[in-house]
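Shown next, in structure tokens, is the structure this report addresses.
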Amino acid sequence: MSAITIAPGAFRGGRASSTAAPRRPAPRAEAPLRLTARGRVVVWGLGLLVAAGAGGVAVSAQADGPRSAMEVERVVVAPGQTLWGIASEVAAPGEDVRDVVLRLQRLNELPSAGLTAGQTLVVPVG
């Protein structure tokens with residue numbers, strides 16, 4: 001046994017209409033948007049969070065100011081002298097000589113640690 005349900009208004013003029021669209025209820029007038037007390041608290045809280053975030057970004061975006069210039073001296077490479085030897089003379093007590101070698105390579109734009117006699121290097125003082 002089966003049952004059939006028919007929506008009201010499905011028949012027009014006594015005949016069944018398979019393409020009849022269902023009737024829609026009449027549109028109601030929309031009520032204006034109103035915030036509850038909790039909604040106002042949420043909106044104020046979100047506003048304060050946005051303001052605090054913008055303030056935090058503004059505080060962290062301070063300029064450092066000019067750096068003091070690095071004091072350097074020019075050294076002419078003598079025959080048999082190596083970058084490692086020059087770096088060990090310049091390195092501060094307790095400073096890793098490998099770091100000084102890399103710094104000298106960057107400072108003088110050297111492609112490798114190889115030096116030639118008579119070459120002039122810029123070496124930091126102190």
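Ordering of the structure tokens sets the chain letters (A, B, ...); residue numbers start at 1 within each chain; ligands are numbered from 1 in the order shown.
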Near segment 75-83 of chain A, within 12 Å and counting only C-alpha atoms, which residues show up once chain neighbours fewer than 4 positions away are dropped, as JSON, numbers by chain?
{"A": [87, 88, 89, 90, 91, 97, 98, 99, 100, 101, 102, 103, 104, 105, 108, 110, 112, 113, 114, 115, 116, 117, 118, 119, 120, 121, 122, 123, 124, 125]}
Which residues in chain A does DSSP call alpha helix (DSSP H)? List them as a PyMOL selection string.
chain A and resi 37-60+83-90+97-108
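The space separating atom CA of Glu73 of chain A from atom CA of Pro111 of chain A comes to 20.6 Å.
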Per DSSP on the backbone, filter chain A down to the residues in strand (DSSP E or B) and report them as a PyMOL selection string.
chain A and resi 11-12+15-16+72-76+120-124
